[in-house]
Amino acid sequence: MEQQASISVEDNVIRCRGSWTLPNLSRLEQRGRALRWPETPTVLYDVGEVTAMDTGGALILQRCIDGVRHKGQQTALQGLKPEFDELLRKVEVEWSRPEGSGAGRGMSWVERLTRAVQSRQVSTIRALAFVGESTIAFGRALIRPRSIRWRALLRIVEVDGVRALPITGLLTFLVGVVIAYQGAEQLRKFGTNIFIVDLVGISLLREIAPLIVAILIAGRSGSAYAAEIGTMKVTEELDAVRTLGISPMNLLVLPRAFGLVIALPLLTVYADVVGVFGGMLIALGELNVSFVEFVARFEEAVPVRHLLIGLGKAPFFAAIIALVGCYQGFQIRGGVDDVGRHTTISVVQGIFLVIVFDALCSILLNWWDL
């Protein structure tokens, strides 16, 4: 039977016995605080009867030794086994290291920069590999449409498209109102009230409506994708799926990506209509531009290409949001805290990449005089 862990003072010698391991640390700490330490110039620790010791036990022993040394007394160890001696030396080095000298704190800025670059390089390679795998899966799905999980795809269209209509309509209506109201103040000064139609129509159809819808969906659906896949990974459901021979890419990523690619352009059309209607109300109330005049000027001043450009960007916005959300879900390694962190990252990265893509499109279209 294993001897119980203990520490005691006998004949001015501190005797340590038993297993100094994690299950016994609480008892050893309580016993150590209750001891009356010898007053001799040199305090002897007899550890010959210690049968086992882990890092926690070595730390308790090192604390006892340091407590005696702080009183100005010397210490000596007797009967310490070689394997315990090596562990105690490592603990003593770490315990005596000054605060702030741990790993990473004492690195130079060059080392920190190098590690940051290496970490970013690994993340970039993983992201590119995920994009490549997704592209291959998309191509296979287009060649073999039967492999697509149509029921899951239609549910994504319902959840991320149909159920997003109220918030999308309210938001774009208010944006149309704000654009028209701010423009009306300036146009009234020059007597060019009718040009409110150009301002509202071109800005909403070409840029603002698709971008607002994409940002809204990134916060609403992109975060949900990351949380759903991350939770499945934490609960090891993804491992079970792979064990069954089912590809997580086909099961989880493709339905979400295809569903969002279908839903986002439809939401954009809806946002265009509602946003322009909000602008029409302000044009009527502030500039006395009737609905008939507004529609007539709209047909004349807003070419169809602006609508097509806005709708053309929507599927790419959808693909970016879906892939970023799914990718961050697959990157979750820890527990619930990691799920929350990657969910937040998915929203931030999704919005950032959508805005970057929109800016690049604006530059290219300007070069092509579109």
# chains A, B, ... in the order shown; residues from 1 in each chain; ligands from 1
call {"tool": "residues_around", "arguments": {"residues": "Ala359 of chain A", "least_positions_apart": "6", "cutoff": "10 Å", "atoms": "only C-alpha atoms", "output": "PyMOL selection string"}}
result
chain A and resi 207+353+365
call {"tool": "write_last_selection", "arguments": {"atoms": "N, CA and C atoms", "output": "short mmCIF file (atom, residue, chain, number, x, y, z; two decimals), in the first residue's frame"}}
result
data_model
loop_
_atom_site.label_atom_id
_atom_site.label_comp_id
_atom_site.auth_asym_id
_atom_site.auth_seq_id
_atom_site.Cartn_x
_atom_site.Cartn_y
_atom_site.Cartn_z
N GLU A 207 -24.12 50.59 -55.38
CA GLU A 207 -23.18 50.39 -54.28
C GLU A 207 -23.84 50.08 -52.94
N LEU A 353 -13.43 41.74 -45.93
CA LEU A 353 -13.18 41.23 -47.29
C LEU A 353 -14.26 41.69 -48.27
N LEU A 365 -14.16 48.96 -62.43
CA LEU A 365 -15.27 49.46 -63.25
C LEU A 365 -15.05 50.89 -63.69
#
call {"tool": "residues_around", "arguments": {"residues": "Ala180 of chain A", "least_positions_apart": "3", "cutoff": "7 Å", "atoms": "only C-alpha atoms", "output": "JSON, numbers by chain"}}
result
{"A": [176, 177, 183, 184, 196, 200, 279, 282, 283]}
call {"tool": "residues_around", "arguments": {"residues": "Leu153 of chain A", "least_positions_apart": "4", "cutoff": "7 Å", "atoms": "only C-alpha atoms", "output": "PDB file with C-alpha atoms, in the first residue's frame"}}
result
ATOM      1  CA  ARG A 149     -28.011  18.439 -50.705  1.00  0.00           C
ATOM      2  CA  VAL A 157     -32.344  30.075 -48.561  1.00  0.00           C
ATOM      3  CA  PRO A 255     -25.275  23.958 -48.996  1.00  0.00           C
ATOM      4  CA  ARG A 256     -24.469  27.132 -47.088  1.00  0.00           C
ATOM      5  CA  PHE A 258     -24.887  27.807 -52.683  1.00  0.00           C
ATOM      6  CA  GLY A 259     -27.861  28.839 -50.556  1.00  0.00           C
TER       7      GLY A 259
END
call {"tool": "select_by_dssp", "arguments": {"residues": "segment 20-92 of chain A", "states": "alpha helix (DSSP H)", "output": "number ranges by chain"}}
result
A: 25-34, 55-69, 82-92
call {"tool": "write_last_selection", "arguments": {"atoms": "N, CA and C atoms", "output": "mmCIF file, in the first residue's frame"}}
result
data_model
loop_
_atom_site.group_PDB
_atom_site.id
_atom_site.type_symbol
_atom_site.label_atom_id
_atom_site.label_comp_id
_atom_site.auth_asym_id
_atom_site.auth_seq_id
_atom_site.Cartn_x
_atom_site.Cartn_y
_atom_site.Cartn_z
ATOM 1 N N LEU A 25 -1.521 17.422 -2.820
ATOM 2 C CA LEU A 25 -0.927 18.749 -2.665
ATOM 3 C C LEU A 25 -1.650 19.584 -1.622
ATOM 4 N N SER A 26 -2.977 19.513 -1.583
ATOM 5 C CA SER A 26 -3.726 20.324 -0.615
ATOM 6 C C SER A 26 -3.347 19.952 0.814
ATOM 7 N N ARG A 27 -3.240 18.647 1.098
ATOM 8 C CA ARG A 27 -2.864 18.196 2.443
ATOM 9 C C ARG A 27 -1.450 18.638 2.792
ATOM 10 N N LEU A 28 -0.544 18.542 1.823
ATOM 11 C CA LEU A 28 0.840 18.939 2.081
ATOM 12 C C LEU A 28 0.953 20.441 2.344
ATOM 13 N N GLU A 29 0.180 21.255 1.594
ATOM 14 C CA GLU A 29 0.217 22.702 1.820
ATOM 15 C C GLU A 29 -0.294 23.053 3.210
ATOM 16 N N GLN A 30 -1.398 22.435 3.612
ATOM 17 C CA GLN A 30 -1.949 22.718 4.938
ATOM 18 C C GLN A 30 -0.978 22.290 6.037
ATOM 19 N N ARG A 31 -0.379 21.123 5.871
ATOM 20 C CA ARG A 31 0.566 20.621 6.875
ATOM 21 C C ARG A 31 1.816 21.494 6.930
ATOM 22 N N GLY A 32 2.292 21.943 5.752
ATOM 23 C CA GLY A 32 3.484 22.781 5.717
ATOM 24 C C GLY A 32 3.272 24.117 6.400
ATOM 25 N N ARG A 33 2.078 24.711 6.236
ATOM 26 C CA ARG A 33 1.814 26.000 6.888
ATOM 27 C C ARG A 33 1.714 25.863 8.396
ATOM 28 N N ALA A 34 1.316 24.671 8.877
ATOM 29 C CA ALA A 34 1.149 24.470 10.321
ATOM 30 C C ALA A 34 2.448 24.086 11.026
ATOM 31 N N THR A 55 5.421 17.693 -10.728
ATOM 32 C CA THR A 55 5.788 19.110 -10.720
ATOM 33 C C THR A 55 5.155 19.848 -9.550
ATOM 34 N N GLY A 56 3.895 19.512 -9.234
ATOM 35 C CA GLY A 56 3.236 20.162 -8.104
ATOM 36 C C GLY A 56 3.926 19.861 -6.788
ATOM 37 N N GLY A 57 4.304 18.591 -6.578
ATOM 38 C CA GLY A 57 5.011 18.235 -5.353
ATOM 39 C C GLY A 57 6.361 18.909 -5.256
ATOM 40 N N ALA A 58 7.081 18.974 -6.385
ATOM 41 C CA ALA A 58 8.374 19.656 -6.390
ATOM 42 C C ALA A 58 8.211 21.139 -6.077
ATOM 43 N N LEU A 59 7.127 21.745 -6.548
ATOM 44 C CA LEU A 59 6.881 23.160 -6.271
ATOM 45 C C LEU A 59 6.600 23.383 -4.788
ATOM 46 N N ILE A 60 5.823 22.488 -4.160
ATOM 47 C CA ILE A 60 5.565 22.604 -2.714
ATOM 48 C C ILE A 60 6.869 22.512 -1.933
ATOM 49 N N LEU A 61 7.727 21.547 -2.296
ATOM 50 C CA LEU A 61 9.005 21.388 -1.605
ATOM 51 C C LEU A 61 9.887 22.615 -1.805
ATOM 52 N N GLN A 62 9.898 23.164 -3.011
ATOM 53 C CA GLN A 62 10.705 24.349 -3.281
ATOM 54 C C GLN A 62 10.206 25.549 -2.479
ATOM 55 N N ARG A 63 8.914 25.667 -2.303
ATOM 56 C CA ARG A 63 8.368 26.751 -1.475
ATOM 57 C C ARG A 63 8.832 26.616 -0.024
ATOM 58 N N CYS A 64 8.823 25.380 0.476
ATOM 59 C CA CYS A 64 9.290 25.159 1.852
ATOM 60 C C CYS A 64 10.760 25.541 1.996
ATOM 61 N N ILE A 65 11.563 25.165 1.019
ATOM 62 C CA ILE A 65 12.997 25.487 1.067
ATOM 63 C C ILE A 65 13.204 26.994 1.007
ATOM 64 N N ASP A 66 12.485 27.668 0.108
ATOM 65 C CA ASP A 66 12.634 29.119 -0.007
ATOM 66 C C ASP A 66 12.172 29.830 1.253
ATOM 67 N N GLY A 67 11.126 29.285 1.912
ATOM 68 C CA GLY A 67 10.660 29.901 3.152
ATOM 69 C C GLY A 67 11.719 29.884 4.234
ATOM 70 N N VAL A 68 12.483 28.803 4.297
ATOM 71 C CA VAL A 68 13.573 28.718 5.280
ATOM 72 C C VAL A 68 14.720 29.644 4.888
ATOM 73 N N ARG A 69 15.059 29.683 3.614
ATOM 74 C CA ARG A 69 16.168 30.530 3.158
ATOM 75 C C ARG A 69 15.889 32.013 3.383
ATOM 76 N N PRO A 82 17.624 10.600 -7.836
ATOM 77 C CA PRO A 82 18.121 11.369 -8.996
ATOM 78 C C PRO A 82 17.003 11.954 -9.858
ATOM 79 N N GLU A 83 15.932 11.174 -10.102
ATOM 80 C CA GLU A 83 14.862 11.696 -10.960
ATOM 81 C C GLU A 83 14.119 12.850 -10.287
ATOM 82 N N PHE A 84 14.000 12.769 -8.947
ATOM 83 C CA PHE A 84 13.364 13.871 -8.224
ATOM 84 C C PHE A 84 14.282 15.087 -8.176
ATOM 85 N N ASP A 85 15.581 14.835 -8.109
ATOM 86 C CA ASP A 85 16.545 15.940 -8.060
ATOM 87 C C ASP A 85 16.496 16.757 -9.355
ATOM 88 N N GLU A 86 16.401 16.074 -10.491
ATOM 89 C CA GLU A 86 16.329 16.784 -11.774
ATOM 90 C C GLU A 86 15.051 17.615 -11.874
ATOM 91 N N LEU A 87 13.933 17.043 -11.431
ATOM 92 C CA LEU A 87 12.668 17.774 -11.460
ATOM 93 C C LEU A 87 12.712 18.982 -10.537
ATOM 94 N N LEU A 88 13.294 18.811 -9.357
ATOM 95 C CA LEU A 88 13.367 19.915 -8.394
ATOM 96 C C LEU A 88 14.251 21.040 -8.918
ATOM 97 N N ARG A 89 15.325 20.684 -9.615
ATOM 98 C CA ARG A 89 16.198 21.723 -10.184
ATOM 99 C C ARG A 89 15.455 22.549 -11.244
ATOM 100 N N LYS A 90 14.674 21.882 -12.072
ATOM 101 C CA LYS A 90 13.906 22.610 -13.087
ATOM 102 C C LYS A 90 12.893 23.550 -12.444
ATOM 103 N N VAL A 91 12.215 23.050 -11.411
ATOM 104 C CA VAL A 91 11.238 23.890 -10.715
ATOM 105 C C VAL A 91 11.924 25.064 -10.040
ATOM 106 N N GLU A 92 13.107 24.830 -9.469
ATOM 107 C CA GLU A 92 13.838 25.908 -8.796
ATOM 108 C C GLU A 92 14.236 27.001 -9.788
#
call {"tool": "residues_around", "arguments": {"residues": "Phe352 of chain A", "least_positions_apart": "6", "cutoff": "10 Å", "atoms": "only C-alpha atoms", "output": "PyMOL selection string"}}
result
chain A and resi 215+218+346+358
